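Undergrad: work.cif is reproduced in full below (mmCIF, C-alpha atoms).
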```cif
data_my_file
loop_
_atom_site.label_atom_id
_atom_site.label_comp_id
_atom_site.auth_asym_id
_atom_site.auth_seq_id
_atom_site.Cartn_x
_atom_site.Cartn_y
_atom_site.Cartn_z
CA MET G 1 135.10 151.95 163.32
CA GLN G 2 138.24 150.93 161.50
CA PRO G 3 136.59 148.37 159.17
CA ILE G 4 133.99 150.96 158.15
CA LEU G 5 136.71 153.46 157.27
CA PHE G 6 138.72 150.76 155.50
CA TYR G 7 135.86 149.66 153.29
CA THR G 8 134.75 153.22 152.58
CA PHE G 9 138.24 154.18 151.46
CA ALA G 10 138.67 150.89 149.58
CA ILE G 11 135.46 151.28 147.59
CA LEU G 12 136.31 154.93 146.90
CA ALA G 13 139.84 154.07 145.78
CA VAL G 14 138.90 151.17 143.51
CA ALA G 15 135.87 152.93 142.01
CA SER G 16 137.76 156.10 141.22
CA ALA G 17 140.73 154.10 139.85
CA VAL G 18 138.37 152.25 137.49
CA ALA G 19 136.77 155.55 136.53
CA MET G 20 140.23 157.00 135.89
CA VAL G 21 141.09 154.20 133.47
CA LEU G 22 137.73 154.17 131.69
CA HIS G 23 136.95 157.86 131.39
CA ARG G 24 137.40 159.33 127.95
CA ASN G 25 138.41 162.83 128.98
CA PRO G 26 141.96 162.96 130.42
CA VAL G 27 141.05 165.91 132.66
CA TYR G 28 138.43 163.80 134.42
CA SER G 29 140.96 160.95 134.58
CA ALA G 30 143.33 163.25 136.45
CA ILE G 31 140.58 164.30 138.87
CA PHE G 32 139.64 160.67 139.56
CA LEU G 33 143.31 159.90 140.15
CA ILE G 34 143.38 162.68 142.76
CA LEU G 35 140.39 161.01 144.45
CA THR G 36 142.23 157.66 144.50
CA LEU G 37 145.32 159.30 145.96
CA PHE G 38 143.28 161.00 148.69
CA SER G 39 141.76 157.69 149.73
CA LEU G 40 145.25 156.15 149.77
CA ALA G 41 146.27 158.94 152.15
CA GLY G 42 143.32 157.84 154.29
CA PHE G 43 144.77 154.32 154.36
CA PHE G 44 148.12 155.71 155.47
CA VAL G 45 146.42 157.46 158.39
CA LEU G 46 144.66 154.19 159.26
CA LEU G 47 148.03 152.42 159.15
CA ASN G 48 149.51 154.81 161.71
CA ALA G 49 151.68 156.72 159.24
CA PRO G 50 150.42 160.32 159.42
CA PHE G 51 153.59 161.90 158.06
CA VAL G 52 153.52 159.66 154.99
CA ALA G 53 149.87 160.62 154.47
CA ALA G 54 150.66 164.35 154.69
CA VAL G 55 153.62 164.11 152.33
CA HIS G 56 151.52 161.98 149.99
CA ILE G 57 148.81 164.62 149.73
CA ILE G 58 151.33 167.45 149.37
CA VAL G 59 153.41 165.74 146.69
CA TYR G 60 150.67 164.07 144.65
CA ALA G 61 147.67 166.38 144.97
CA GLY G 62 149.84 169.47 145.20
CA ALA G 63 152.62 168.94 142.71
CA ILE G 64 152.21 165.96 140.41
CA MET G 65 148.53 166.40 139.63
CA VAL G 66 149.00 170.09 138.91
CA LEU G 67 151.72 169.08 136.46
CA PHE G 68 149.41 166.53 134.84
CA LEU G 69 146.52 168.97 134.50
CA PHE G 70 148.84 171.67 133.20
CA VAL G 71 150.24 169.39 130.49
CA ILE G 72 146.78 168.06 129.52
CA MET G 73 145.45 171.57 129.14
CA LEU G 74 148.63 172.76 127.39
CA LEU G 75 148.43 170.01 124.77
CA ASN G 76 144.65 170.45 124.33
CA LEU G 77 144.07 167.02 122.81
CA LYS G 78 141.10 166.43 120.59
CA ARG G 79 139.44 163.10 120.05
CA ASP G 80 139.61 161.60 116.60
CA PRO G 81 136.89 159.07 115.59
CA VAL G 82 139.31 157.32 113.21
CA ARG G 83 141.46 156.31 116.17
CA GLU G 84 138.51 154.76 117.97
CA ALA G 85 138.02 152.02 115.37
CA GLY G 86 139.04 148.45 116.10
CA LYS G 87 139.54 148.84 119.83
CA ILE G 88 137.13 146.10 120.95
CA ARG G 89 139.57 143.24 120.47
CA ARG G 90 142.37 145.08 122.23
CA ARG G 91 140.04 146.01 125.07
CA PHE G 92 138.95 142.39 125.50
CA LEU G 93 142.57 141.22 125.46
CA GLY G 94 143.62 143.82 128.05
CA ALA G 95 140.69 143.00 130.33
CA ALA G 96 141.50 139.27 130.14
CA LEU G 97 145.18 139.91 130.94
CA VAL G 98 144.31 142.12 133.90
CA LEU G 99 141.77 139.64 135.24
CA THR G 100 144.38 136.88 135.03
CA LEU G 101 146.94 139.01 136.86
CA LEU G 102 144.42 139.91 139.56
CA LEU G 103 143.41 136.28 140.06
CA GLU G 104 147.03 135.17 140.26
CA VAL G 105 148.00 137.80 142.80
CA SER G 106 144.88 137.19 144.89
CA ALA G 107 145.45 133.44 144.85
CA LEU G 108 149.07 133.96 145.86
CA ILE G 109 148.11 136.27 148.73
CA GLY G 110 145.30 133.98 149.82
CA ALA G 111 147.49 130.88 149.74
CA THR G 112 150.31 132.57 151.67
CA TYR G 113 147.88 134.03 154.17
CA PHE G 114 145.84 130.96 154.94
CA LEU G 115 148.63 128.40 154.79
CA SER G 116 151.11 130.29 156.95
CA GLY G 117 151.32 130.04 160.72
CA THR G 118 149.97 133.53 161.24
CA GLY G 119 146.88 132.69 159.24
CA ALA G 120 143.26 133.63 159.65
CA GLY G 121 142.44 134.75 163.15
CA GLY G 122 146.05 134.98 164.18
CA ARG G 123 146.95 138.00 166.23
CA ASP G 124 149.99 138.82 164.10
CA ALA G 125 148.02 138.94 160.88
CA HIS G 126 146.26 142.15 161.87
CA VAL G 127 147.60 145.58 161.23
CA GLY G 128 146.41 148.93 162.36
CA LEU G 129 146.52 151.47 165.09
CA GLN G 130 147.47 148.91 167.72
CA SER G 131 150.87 148.32 166.17
CA ASN G 132 153.68 149.80 168.18
CA VAL G 133 155.39 151.66 165.34
CA SER G 134 154.56 155.35 165.06
CA GLY G 135 155.30 157.08 161.80
CA SER G 136 155.73 160.47 163.42
CA THR G 137 157.78 163.19 161.79
CA ALA G 138 160.51 162.88 164.40
CA ASP G 139 160.96 159.14 163.91
CA ILE G 140 160.95 159.40 160.11
CA GLY G 141 163.41 162.28 160.19
CA ARG G 142 165.73 160.46 162.57
CA ALA G 143 165.74 157.37 160.36
CA LEU G 144 166.22 159.43 157.20
CA PHE G 145 169.16 161.39 158.53
CA THR G 146 170.99 158.51 160.19
CA THR G 147 170.42 155.09 158.67
CA TYR G 148 169.20 156.27 155.28
CA LEU G 149 171.38 159.35 154.85
CA LEU G 150 173.09 158.14 151.68
CA PRO G 151 169.85 157.18 149.85
CA PHE G 152 168.42 160.52 150.96
CA GLU G 153 171.29 162.41 149.33
CA VAL G 154 171.12 160.23 146.23
CA ALA G 155 167.40 161.04 146.00
CA SER G 156 168.21 164.76 146.05
CA VAL G 157 170.70 164.25 143.21
CA LEU G 158 168.06 162.27 141.30
CA LEU G 159 165.53 165.09 141.67
CA LEU G 160 168.10 167.64 140.50
CA VAL G 161 168.94 165.53 137.45
CA ALA G 162 165.24 165.10 136.65
CA MET G 163 164.67 168.85 136.95
CA VAL G 164 167.60 169.70 134.66
CA GLY G 165 166.47 167.00 132.23
CA ALA G 166 162.92 168.36 132.13
CA VAL G 167 164.19 171.87 131.42
CA VAL G 168 166.51 170.63 128.67
CA LEU G 169 163.74 168.53 127.08
CA ALA G 170 161.26 171.38 127.16
CA LYS G 171 163.64 173.76 125.41
CA ARG G 172 162.75 174.11 121.80
CA LYS G 173 166.22 174.04 120.33
CA LEU G 174 169.51 172.86 121.70
CA HIS G 175 172.54 174.98 120.92
CA MET Q 1 142.34 146.18 163.16
CA MET Q 2 142.16 145.00 159.61
CA PRO Q 3 143.78 141.77 158.39
CA LEU Q 4 146.96 142.31 156.42
CA ALA Q 5 145.54 140.34 153.49
CA HIS Q 6 142.81 142.95 153.02
CA TYR Q 7 145.40 145.62 152.42
CA LEU Q 8 147.40 143.35 150.12
CA ILE Q 9 144.38 142.38 148.03
CA LEU Q 10 143.30 146.01 147.76
CA SER Q 11 146.82 146.90 146.68
CA ALA Q 12 146.79 144.09 144.11
CA MET Q 13 143.49 145.38 142.75
CA LEU Q 14 144.82 148.91 142.39
CA PHE Q 15 147.97 147.58 140.73
CA ALA Q 16 145.88 145.50 138.30
CA ILE Q 17 143.76 148.54 137.46
CA GLY Q 18 146.99 150.41 136.74
CA VAL Q 19 148.14 147.59 134.45
CA ALA Q 20 144.75 147.77 132.73
CA GLY Q 21 145.25 151.48 132.17
CA VAL Q 22 148.66 150.94 130.61
CA LEU Q 23 147.31 148.18 128.37
CA LEU Q 24 144.01 149.74 127.37
CA ARG Q 25 144.58 153.44 127.04
CA ARG Q 26 146.41 155.03 124.16
CA ASN Q 27 146.73 158.54 125.50
CA ALA Q 28 150.28 158.67 126.82
CA ILE Q 29 149.35 161.04 129.66
CA VAL Q 30 146.72 158.61 130.96
CA ILE Q 31 149.33 155.85 130.69
CA PHE Q 32 151.57 157.93 132.95
CA MET Q 33 148.70 158.32 135.41
CA SER Q 34 148.25 154.54 135.43
CA ILE Q 35 151.95 154.12 136.23
CA GLU Q 36 151.44 156.52 139.14
CA LEU Q 37 148.55 154.34 140.30
CA MET Q 38 150.77 151.25 140.22
CA LEU Q 39 153.50 153.01 142.22
CA ASN Q 40 150.91 154.06 144.79
CA ALA Q 41 149.60 150.52 145.09
CA VAL Q 42 153.14 149.43 145.93
CA ASN Q 43 153.38 152.28 148.45
CA LEU Q 44 150.26 150.98 150.17
CA THR Q 45 151.88 147.55 150.40
CA PHE Q 46 155.01 149.09 151.92
CA VAL Q 47 153.08 150.95 154.60
CA ALA Q 48 150.85 147.95 155.36
CA PHE Q 49 153.89 145.73 155.86
CA ALA Q 50 155.58 148.42 157.96
CA ALA Q 51 152.57 148.51 160.27
CA HIS Q 52 152.37 144.72 160.24
CA HIS Q 53 155.99 144.20 161.23
CA GLY Q 54 156.13 147.19 163.56
CA SER Q 55 159.10 148.70 161.78
CA LEU Q 56 159.72 152.05 160.14
CA GLU Q 57 161.59 150.88 157.04
CA GLY Q 58 158.53 150.48 154.88
CA GLN Q 59 157.51 154.08 155.50
CA ILE Q 60 161.03 155.27 154.62
CA PHE Q 61 160.94 153.45 151.29
CA VAL Q 62 157.65 155.15 150.45
CA PHE Q 63 159.57 158.44 150.32
CA PHE Q 64 162.08 157.05 147.86
CA VAL Q 65 159.27 155.67 145.70
CA MET Q 66 157.70 159.13 145.78
CA VAL Q 67 160.99 160.71 144.69
CA VAL Q 68 161.26 158.30 141.76
CA ALA Q 69 157.62 158.94 140.83
CA ALA Q 70 158.14 162.70 140.91
CA ALA Q 71 161.28 162.46 138.76
CA GLU Q 72 159.50 160.14 136.34
CA VAL Q 73 156.53 162.48 135.99
CA ALA Q 74 158.75 165.55 135.46
CA VAL Q 75 160.87 163.90 132.77
CA GLY Q 76 157.94 162.02 131.23
CA LEU Q 77 155.73 165.06 130.86
CA ALA Q 78 158.64 167.04 129.42
CA LEU Q 79 159.05 164.21 126.91
CA MET Q 80 155.33 164.40 126.15
CA VAL Q 81 155.59 168.12 125.42
CA ALA Q 82 158.65 167.55 123.21
CA ILE Q 83 156.95 164.69 121.30
CA PHE Q 84 153.79 166.73 120.91
CA ARG Q 85 155.78 169.55 119.36
CA LEU Q 86 157.41 167.14 116.94
CA ARG Q 87 154.49 164.87 116.01
CA GLU Q 88 151.35 166.83 117.03
CA THR Q 89 150.03 163.83 118.97
CA VAL Q 90 150.54 161.89 122.19
CA PHE Q 91 148.56 158.81 121.14
CA VAL Q 92 150.93 155.89 121.39
CA ASP Q 93 149.55 154.19 118.27
CA GLU Q 94 150.96 156.98 116.16
CA LEU Q 95 154.32 157.13 117.91
CA ASN Q 96 156.06 154.46 115.86
CA LEU Q 97 159.51 156.02 115.90
CA MET Q 98 161.06 153.10 117.78
CA LYS Q 99 159.16 150.34 115.95
CA TRP Q 100 160.94 148.28 113.36
#
```
So that I can check it, write out the structure of this file as structure tokens.

TA:
Amino acid sequence: MQPILFYTFAILAVASAVAMVLHRNPVYSAIFLILTLFSLAGFFVLLNAPFVAAVHIIVYAGAIMVLFLFVIMLLNLKRDPVREAGKIRRRFLGAALVLTLLLEVSALIGATYFLSGTGAGGRDAHVGLQSNVSGSTADIGRALFTTYLLPFEVASVLLLVAMVGAVVLAKRKLH
Amino acid sequence: MMPLAHYLILSAMLFAIGVAGVLLRRNAIVIFMSIELMLNAVNLTFVAFAAHHGSLEGQIFVFFVMVVAAAEVAVGLALMVAIFRLRETVFVDELNLMKW
């Protein structure tokens, strides 16, 4: 059951991420990004982290994507055919760079995975619902408010600063 | 029960697609979306390693990554609106203010 879910979510995530990058209309890009983020939430459920999955959907699909769509529709961008000229070389260069990066990372992961002691077939190399950690709300909250209390407070300060900064930047004139 | 390497390779693929978006697209909003995709790929790695090692730390760090992503999007989109008011465009080819 779990491999079927994994590959379904994986194909959905990669396909919609590619569609997000390649689609011409930024509104459709945002919608494909939402699809990718939903499938990532599915992975978090598979990895026994339901609270992370819930927060992920709330924050990304609920807040960030609304902000993206709002700004896209506010700016109302139009396509200009003059800008589209001479993009083939850049596109080829970008695709080559990305392919190189992907090959390097995959080779690194593969080498580490197959050469280490916990290699293919090892019991420790498998993750999933059988792992003993449970990402329940209570456990996350306990860790956040004891061990990670200072980073938690710093994060709240960071969000406040970002909010004030966004308001200041969006003001037309500064007096 | 999926091997850890599957999650890592999937995460690497999503990260590479995000890099492709940053390199290929010229609409600054889509570039921001690609940065979000890269941050989420890293989040997937964090959670996969947390499940792999049976510890909670990876899931905690996902929250901090989310906080940084939210702050980045708020400030970045405010910057986009401000730049659009000034220059009437968000295409990065035409934003040559910091080029020399």

Undergrad: Is there a way to get, as a ChimeraX atom specification, all residues within 9 Å of the point (153.2, 158.8, 152.7) in file coordinates, counting only C-alpha atoms?

TA: /G:40-41,44-45,49-57 /Q:43-44,47,59-60,62-63,66

Undergrad: Counting only C-alpha atoms, which residue out of Q:Ala16, Q:Ala82, Q:Ala28, Q:Ala51 sits closest to Q:Pro3?

TA: Q:Ala51

Undergrad: Which is closer to G:Asn25 than all the others in Q:Phe64, Q:Leu37, Q:Ile29, Q:Leu77, using only C-alpha atoms?

TA: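 Going through Q:Phe64, Q:Leu37, Q:Ile29, Q:Leu77 one by one, the smallest distance to G:Asn25 is for Q:Ile29.
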
Undergrad: I need the output of the PyMOL selection byres ((chain Q and resi 89-98) around 6) for this file as JSON, numbers by chain; which residues are they?

TA: {"Q": [26, 27, 28, 84, 87, 88, 99]}

Undergrad: Ranking G:Leu37, G:Leu150, G:Val27, G:Ala95 by minimum distance to G:Leu67 and counting all atoms listed in the file, which one comes first?

TA: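 Among the listed residues, G:Val27 lies closest to G:Leu67.
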
Undergrad: Under the rule that all atoms listed in the file are counted, which of G:Ala166, G:Val98, G:Leu74, G:Val157 is the nearest residue to Q:Ala20?

TA: G:Val98

Undergrad: Output the residue selection produced by the PyMOL selection byres ((chain Q) within 6 of (chain G)) on the file above, formatted as an MDAnalysis selection string.

TA: chainID Q and resid 1:4 16 20:21 23:24 51:52 54:55 71 75 78

Undergrad: Would you please work out which residue, of G:Met73, G:Ala138, G:Leu12, G:Ile88, is nearest to G:Tyr28 when using only C-alpha atoms?

TA: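 Checking each of G:Met73, G:Ala138, G:Leu12, G:Ile88 against G:Tyr28, counting only C-alpha atoms, the winner is G:Met73.
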
Undergrad: Just give me the gap between atom CA of Q:Ala12 and atom CA of Q:Ala70 in Å, one decimal is fine.

TA: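 Calculated distance between atom CA of Q:Ala12 and atom CA of Q:Ala70 is 22.0 Å.
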